Amino acid sequence: MTGNDVRTRRPTRGRTCAYLGRAARGVGVAMAALLSAAGMAQAAPALMPQPASAQFDTGSLPIPAGLSVVWEGTRTALLDRAVGRFTARLAALGGIPAPAPDAPGGGAIPLHIRVGSDPGYLSIAAREQYRLTVDANGIDLVADGPAGVLHGLATLLQLVQAGPQQPSIAYARIDDAPRFAWRGVMIDVSRHFMTIETLKRQIDAMEMVKLDVLHLHLSDGQGFRVESRVFPRLTRVASHGQYYTQDQIRDLVAYAADRGIRIVPEFDTPGHSFALLLAYPELASQAPVPGDRHQVNVAAINPTLEESYRFLRRLYGEMGRLFPDRYFHAGGDEVSPTQWTKNPAIAAFMTQHGFATTQQLQARFTARIQKILQDQGKIMMGWDEVSEAPIPDNVVVEAWRGSKFIASATRAGHPVVVSAGYYLDFLLPASEHYLVDPLDPRASGLAPELAEKLRPKLGAMADALKLDPSATMTPVQDRLVMGGEAPLWTEVVTDEMLDARLWPRSAAIAERFWSPASVRDVRDMYRRLAVVQDELCVTGLQAQANRYRMAARLSPGDAGPVLALADATSPIRNYGHNHLVFHGTKIAPEQRMNTPSDIAAPDSLAAERFDDLAHRYVAGDRSVRPVLETMLTRWRDNDVAFQAVSAGHPILEEARPASQELKALAQAGLDALAGRKDTQWRAATSALLARQDQAVAASANMVVSRAAPQPPADLLQDITPGVRALAGLD
């Protein structure tokens, strides 16, 4: 969990692929022509992550017939498959044939690959460096190991230029290696089950941006998601019929390994164990009650029973054999103290053994689990709560509640993986995550005054989330930071939504984990992120196809007005949207995650472009005025169409005020371009902008109750900064 970034800056946003459909494609082509006329063409190669060292020469290498690989050194079946994926993606991006990797001649440009062997492949010690040269003589890729080849091919794809004449590859000299070895995303498949096909799409996208760890959260209160043959009731009772077979897991692990990606499983204990305890209630601290919403989130294993440890030894042994990675995440987060203190036997055990706090009791549990996993050849990981009392120092701590836990855990000698500042389910724009550095112990957390304001709602969690202004790191502590990962918890994320909620923000975070710390230009990040997202869509992501499907489901035959509203807005942040799940709503359960706020992306293409153009216009560039007028006119006029398609539709009717707000903002922008700046207009426009600021402020303050001033349909108006600039009200 992260808090609010305390730095002040004008927000900027990225873009997503143009949505599907005939009408939408027409708008996209027209807008592209206008943007090109306004000088918006991308000049520099859009590499993400930025390489450690890169030089770009004038010119490019034409590849009308594609590439032909010439191998030097070690060649394996894994590398042949990697080249096969590369050529298929090259064909998709460049619009050229995809010859077989060994196909001779035919005008193909030679790609020379020289690779060394690496006994540490698929480990934290993998050799990932590569050197890539593209010039008039061809392409040379030299890698220290197979991982370097995968990374070099990913960079080569990003150098492809699919121009109007023929595809080419930009001249470049690149020497590259990652800043951190652990670069991951975490996907929660317990709260909403994700299909194997959906997970494979994410793995393909991860390969293309050099992420190398997929952390799967496989058990929680809502379900246990892996077939167990040792404890079959986990499959029959705790999975609710949605689980991965052991053969599917082996296939997924092999699929990821082919792409240089390790899968780290998480089976969360002792808390978040409601589903497990429904199947085996004799291990529970409090008897689980089916259907009890509160217990779903707090039910905990009894840590005083020897049977609990015998059970977990056998369960973790079975699961560990399915997931060969050395690292095994055992959870350890958010154990409710009352689960233990209100059990008389557990309370007596604590008194007998001198445990003054539940944290001390949990430390005993953690030490036992660490020994079990160590005996099975695994390295234990746990969320940062496990470090609140002394535990074995080889337990890897995942810092999530705030960046200060990076400092405290490394000070105690623990290796650390950082997720504080990278929680994708906060629905923050990419810029918020991008400026959080894994080595900064003060980068993420709640400002002290905000923590106190939220204490009545958060309770003791307010202290954990609060920033520590005194937190510091030494070089020795820095070396204990293995890297980071971006978690996506799925209370309000379905299989259909996953692609759009993970991407493109995960690509921006991948750059933070890979590139030098000095790479921090937010505007340039968004320039490149836009192109990379398109590449991910072209090569397999279904984010935009799924968004179109969701909009068409709401408005069959006329999805355009819904998509136009969604493209200019973003969902409310910091769990404000979770009221659909936790606080009740008039929307039917099956429709609660098919609303305009679920279709809208945290980073808006249209808003980011508009914001850039508006500030260029204010700075004196009058050439962009036609583009601004076209965009504003489209948003203003969309309201008429939206009011028509929303009539009689409960979900869309909730978004009518949001559409009207967008219309009003767009009209204010058009008025500003026309020179209207009289006192009455300025007062009305200021009030309009103030309403948007209030919605953003409520979202930023993590207010999620039904009584909070939610914006209409949980949508934030993302064109607000650009309109403010045009109106001269910055």
# chains A, B, ... in the order shown; residues from 1 in each chain; ligands from 1
>>> residues_around(residues="Ile124 of chain A", least_positions_apart="2", cutoff="7 Å", atoms="only C-alpha atoms", output="VMD selection string")
chain A and resid 126 181 to 182
>>> write_last_selection(atoms="C-alpha atoms", output="mmCIF file, in the first residue's frame")
data_model
loop_
_atom_site.group_PDB
_atom_site.id
_atom_site.type_symbol
_atom_site.label_atom_id
_atom_site.label_comp_id
_atom_site.auth_asym_id
_atom_site.auth_seq_id
_atom_site.Cartn_x
_atom_site.Cartn_y
_atom_site.Cartn_z
ATOM 1 C CA ALA A 126 21.474 -13.969 -14.154
ATOM 2 C CA ALA A 181 17.977 -7.714 -10.588
ATOM 3 C CA TRP A 182 14.404 -8.045 -9.249
#
>>> closest_atom_pairs(of="segment 383-469 of chain A", to="segment 327-347 of chain A", cutoff="6 Å", atoms="only C-alpha atoms", output="JSON lines")
{"residue": "A:Trp383", "atom": "CA", "partner": "A:Asp333", "partner_atom": "CA", "distance": 5.5}
{"residue": "A:Glu385", "atom": "CA", "partner": "A:Asp333", "partner_atom": "CA", "distance": 5.6}
{"residue": "A:Val386", "atom": "CA", "partner": "A:Gly332", "partner_atom": "CA", "distance": 5.8}
>>> residues_around(residues="segment 615-624 of chain A", least_positions_apart="3", cutoff="8 Å", atoms="only C-alpha atoms", output="ChimeraX atom specification")
/A:38,611-612,627-628,722,725-726
>>> write_last_selection(atoms="all heavy atoms", output="PDB file, in the first residue's frame")
ATOM      1  N   ALA A  38       0.831  19.447 -36.460  1.00  0.00           N
ATOM      2  CA  ALA A  38       1.233  20.328 -35.366  1.00  0.00           C
ATOM      3  C   ALA A  38       2.630  20.012 -34.864  1.00  0.00           C
ATOM      4  O   ALA A  38       3.048  20.518 -33.838  1.00  0.00           O
ATOM      5  CB  ALA A  38       0.233  20.200 -34.220  1.00  0.00           C
ATOM      6  N   ASP A 611      -3.094  18.455 -22.817  1.00  0.00           N
ATOM      7  CA  ASP A 611      -2.322  19.225 -21.844  1.00  0.00           C
ATOM      8  C   ASP A 611      -1.034  19.752 -22.475  1.00  0.00           C
ATOM      9  O   ASP A 611      -0.679  20.929 -22.308  1.00  0.00           O
ATOM     10  CB  ASP A 611      -2.008  18.333 -20.639  1.00  0.00           C
ATOM     11  CG  ASP A 611      -1.358  19.095 -19.507  1.00  0.00           C
ATOM     12  OD1 ASP A 611      -1.769  20.230 -19.241  1.00  0.00           O
ATOM     13  OD2 ASP A 611      -0.425  18.554 -18.886  1.00  0.00           O
ATOM     14  N   ASP A 612      -0.322  18.897 -23.193  1.00  0.00           N
ATOM     15  CA  ASP A 612       0.901  19.336 -23.871  1.00  0.00           C
ATOM     16  C   ASP A 612       0.615  20.464 -24.862  1.00  0.00           C
ATOM     17  O   ASP A 612       1.309  21.486 -24.892  1.00  0.00           O
ATOM     18  CB  ASP A 612       1.544  18.160 -24.618  1.00  0.00           C
ATOM     19  CG  ASP A 612       2.355  17.269 -23.691  1.00  0.00           C
ATOM     20  OD1 ASP A 612       2.648  17.682 -22.560  1.00  0.00           O
ATOM     21  OD2 ASP A 612       2.687  16.149 -24.114  1.00  0.00           O
ATOM     22  N   VAL A 627      -5.674  21.865 -33.668  1.00  0.00           N
ATOM     23  CA  VAL A 627      -5.794  20.582 -32.975  1.00  0.00           C
ATOM     24  C   VAL A 627      -6.572  20.764 -31.683  1.00  0.00           C
ATOM     25  O   VAL A 627      -7.464  19.979 -31.355  1.00  0.00           O
ATOM     26  CB  VAL A 627      -4.401  19.998 -32.676  1.00  0.00           C
ATOM     27  CG1 VAL A 627      -4.524  18.597 -32.126  1.00  0.00           C
ATOM     28  CG2 VAL A 627      -3.537  20.009 -33.919  1.00  0.00           C
ATOM     29  N   LEU A 628      -6.251  21.816 -30.937  1.00  0.00           N
ATOM     30  CA  LEU A 628      -6.969  22.083 -29.699  1.00  0.00           C
ATOM     31  C   LEU A 628      -8.460  22.288 -29.960  1.00  0.00           C
ATOM     32  O   LEU A 628      -9.316  21.762 -29.232  1.00  0.00           O
ATOM     33  CB  LEU A 628      -6.386  23.317 -29.011  1.00  0.00           C
ATOM     34  CG  LEU A 628      -5.000  23.155 -28.381  1.00  0.00           C
ATOM     35  CD1 LEU A 628      -4.437  24.515 -28.000  1.00  0.00           C
ATOM     36  CD2 LEU A 628      -5.072  22.248 -27.155  1.00  0.00           C
ATOM     37  N   GLY A 722      -5.215  21.298 -18.724  1.00  0.00           N
ATOM     38  CA  GLY A 722      -5.079  22.006 -19.990  1.00  0.00           C
ATOM     39  C   GLY A 722      -6.052  23.155 -20.112  1.00  0.00           C
ATOM     40  O   GLY A 722      -5.705  24.238 -20.614  1.00  0.00           O
ATOM     41  N   ALA A 725      -4.843  26.030 -18.057  1.00  0.00           N
ATOM     42  CA  ALA A 725      -3.759  26.761 -18.718  1.00  0.00           C
ATOM     43  C   ALA A 725      -4.319  27.707 -19.777  1.00  0.00           C
ATOM     44  O   ALA A 725      -3.923  28.877 -19.856  1.00  0.00           O
ATOM     45  CB  ALA A 725      -2.776  25.779 -19.345  1.00  0.00           C
ATOM     46  N   LEU A 726      -5.240  27.222 -20.608  1.00  0.00           N
ATOM     47  CA  LEU A 726      -5.818  28.069 -21.653  1.00  0.00           C
ATOM     48  C   LEU A 726      -6.575  29.249 -21.053  1.00  0.00           C
ATOM     49  O   LEU A 726      -6.572  30.351 -21.614  1.00  0.00           O
ATOM     50  CB  LEU A 726      -6.759  27.246 -22.530  1.00  0.00           C
ATOM     51  CG  LEU A 726      -6.126  26.163 -23.412  1.00  0.00           C
ATOM     52  CD1 LEU A 726      -7.205  25.383 -24.144  1.00  0.00           C
ATOM     53  CD2 LEU A 726      -5.145  26.770 -24.407  1.00  0.00           C
TER      54      LEU A 726
END
>>> residues_around(residues="segment 210-215 of chain A", least_positions_apart="4", cutoff="9 Å", atoms="only C-alpha atoms", output="ChimeraX atom specification")
/A:48-49,122,150-151,154,178,181-188,203,205-206,256,259-266,329,485,487,506-507,510-511,513-514
>>> write_last_selection(atoms="N, CA, C and O atoms", output="compact mmCIF listing (two decimals), in the first residue's frame")
# COMPACT_ATOMS: atom_id res chain seq x y z
N MET A 48 12.04 1.94 -23.96
CA MET A 48 11.58 1.82 -22.58
C MET A 48 11.74 0.37 -22.15
O MET A 48 11.13 -0.51 -22.75
N PRO A 49 12.61 0.13 -21.13
CA PRO A 49 13.33 1.10 -20.32
C PRO A 49 14.47 1.77 -21.09
O PRO A 49 15.03 1.18 -22.03
N LEU A 122 17.71 -17.48 -15.10
CA LEU A 122 16.50 -17.64 -14.29
C LEU A 122 16.81 -17.65 -12.80
O LEU A 122 16.25 -18.42 -12.02
N LEU A 150 17.52 -11.96 -24.84
CA LEU A 150 16.11 -11.58 -24.77
C LEU A 150 15.96 -10.06 -24.64
O LEU A 150 15.11 -9.45 -25.30
N HIS A 151 16.79 -9.46 -23.80
CA HIS A 151 16.70 -8.01 -23.60
C HIS A 151 17.14 -7.25 -24.85
O HIS A 151 16.53 -6.24 -25.22
N ALA A 154 14.41 -7.32 -27.38
CA ALA A 154 13.33 -6.41 -26.99
C ALA A 154 13.67 -4.97 -27.37
O ALA A 154 12.83 -4.22 -27.88
N PRO A 178 20.74 -3.94 -16.31
CA PRO A 178 19.75 -3.39 -15.38
C PRO A 178 20.36 -2.84 -14.11
O PRO A 178 21.41 -3.29 -13.65
N ALA A 181 18.19 -6.36 -10.07
CA ALA A 181 17.98 -7.71 -10.59
C ALA A 181 16.53 -8.16 -10.47
O ALA A 181 16.06 -8.98 -11.27
N TRP A 182 15.80 -7.64 -9.48
CA TRP A 182 14.40 -8.04 -9.25
C TRP A 182 13.49 -6.96 -9.80
O TRP A 182 13.38 -5.87 -9.27
N ARG A 183 12.80 -7.28 -10.91
CA ARG A 183 11.95 -6.31 -11.59
C ARG A 183 10.62 -7.01 -11.89
O ARG A 183 10.51 -7.76 -12.86
N GLY A 184 9.64 -6.78 -11.04
CA GLY A 184 8.47 -7.62 -11.14
C GLY A 184 7.14 -6.90 -11.14
O GLY A 184 7.04 -5.70 -10.90
N VAL A 185 6.12 -7.69 -11.40
CA VAL A 185 4.73 -7.30 -11.15
C VAL A 185 4.10 -8.40 -10.31
O VAL A 185 4.51 -9.56 -10.37
N MET A 186 3.14 -8.03 -9.49
CA MET A 186 2.37 -9.00 -8.71
C MET A 186 0.93 -8.95 -9.15
O MET A 186 0.33 -7.87 -9.24
N ILE A 187 0.37 -10.11 -9.45
CA ILE A 187 -1.03 -10.20 -9.86
C ILE A 187 -1.78 -11.05 -8.84
O ILE A 187 -1.40 -12.19 -8.56
N ASP A 188 -2.83 -10.48 -8.30
CA ASP A 188 -3.70 -11.17 -7.35
C ASP A 188 -4.74 -11.96 -8.15
O ASP A 188 -5.60 -11.38 -8.80
N ILE A 203 2.81 -12.02 -19.44
CA ILE A 203 4.19 -12.49 -19.51
C ILE A 203 4.85 -12.04 -20.80
O ILE A 203 6.01 -11.61 -20.82
N ALA A 205 4.11 -9.38 -22.53
CA ALA A 205 4.36 -7.94 -22.40
C ALA A 205 5.54 -7.68 -21.46
O ALA A 205 6.35 -6.78 -21.71
N MET A 206 5.65 -8.44 -20.40
CA MET A 206 6.77 -8.29 -19.47
C MET A 206 8.10 -8.50 -20.18
O MET A 206 9.06 -7.76 -19.96
N ALA A 256 6.86 -18.88 -18.94
CA ALA A 256 7.57 -17.72 -18.42
C ALA A 256 9.07 -17.90 -18.51
O ALA A 256 9.81 -16.97 -18.88
N ARG A 259 10.80 -16.96 -21.55
CA ARG A 259 10.87 -15.51 -21.77
C ARG A 259 11.72 -14.80 -20.71
O ARG A 259 11.65 -13.58 -20.56
N GLY A 260 12.51 -15.59 -19.98
CA GLY A 260 13.41 -15.02 -18.98
C GLY A 260 12.72 -14.52 -17.74
O GLY A 260 13.25 -13.66 -17.03
N ILE A 261 11.54 -15.06 -17.44
CA ILE A 261 10.73 -14.58 -16.33
C ILE A 261 10.53 -15.69 -15.31
O ILE A 261 10.12 -16.80 -15.65
N ARG A 262 10.85 -15.37 -14.07
CA ARG A 262 10.66 -16.29 -12.96
C ARG A 262 9.28 -16.07 -12.36
O ARG A 262 8.83 -14.94 -12.23
N ILE A 263 8.62 -17.15 -11.97
CA ILE A 263 7.34 -17.04 -11.28
C ILE A 263 7.56 -17.35 -9.81
O ILE A 263 8.02 -18.44 -9.45
N VAL A 264 7.24 -16.37 -8.97
CA VAL A 264 7.35 -16.52 -7.52
C VAL A 264 5.94 -16.66 -6.97
O VAL A 264 5.12 -15.74 -7.10
N PRO A 265 5.62 -17.81 -6.35
CA PRO A 265 4.27 -18.00 -5.82
C PRO A 265 4.12 -17.39 -4.44
O PRO A 265 5.08 -17.29 -3.68
N GLU A 266 2.90 -16.96 -4.13
CA GLU A 266 2.58 -16.54 -2.77
C GLU A 266 1.37 -17.30 -2.27
O GLU A 266 0.31 -17.30 -2.91
N HIS A 329 7.00 -16.86 -1.47
CA HIS A 329 6.38 -15.79 -0.67
C HIS A 329 5.32 -16.41 0.23
O HIS A 329 4.38 -17.05 -0.24
N GLU A 485 8.69 -4.43 -7.28
CA GLU A 485 7.61 -4.97 -8.11
C GLU A 485 6.35 -4.13 -7.92
O GLU A 485 6.16 -3.46 -6.90
N PRO A 487 2.46 -4.23 -7.53
CA PRO A 487 1.32 -5.10 -7.24
C PRO A 487 0.02 -4.59 -7.85
O PRO A 487 -0.23 -3.39 -7.91
N SER A 506 2.87 -0.42 -16.02
CA SER A 506 3.95 -1.35 -15.66
C SER A 506 5.21 -1.10 -16.48
O SER A 506 6.32 -1.36 -16.01
N ALA A 507 5.05 -0.60 -17.69
CA ALA A 507 6.22 -0.30 -18.52
C ALA A 507 7.00 0.88 -17.93
O ALA A 507 8.24 0.89 -17.94
N ALA A 510 8.78 -0.45 -15.00
CA ALA A 510 9.91 -1.27 -15.46
C ALA A 510 11.14 -0.40 -15.70
O ALA A 510 12.27 -0.80 -15.41
N GLU A 511 10.93 0.79 -16.22
CA GLU A 511 12.05 1.70 -16.43
C GLU A 511 12.65 2.15 -15.11
O GLU A 511 13.88 2.27 -14.99
N PHE A 513 12.90 0.39 -12.49
CA PHE A 513 13.68 -0.72 -11.94
C PHE A 513 14.93 -1.02 -12.79
O PHE A 513 15.89 -1.58 -12.27
N TRP A 514 14.91 -0.67 -14.06
CA TRP A 514 16.01 -1.01 -14.96
C TRP A 514 17.00 0.13 -15.14
O TRP A 514 18.21 -0.04 -15.05
>>> residues_around(residues="Leu480 of chain A", least_positions_apart="4", cutoff="12 Å", atoms="only C-alpha atoms", output="PyMOL selection string")
chain A and resi 180-182+393-398+406-418+438-439+473-476+484
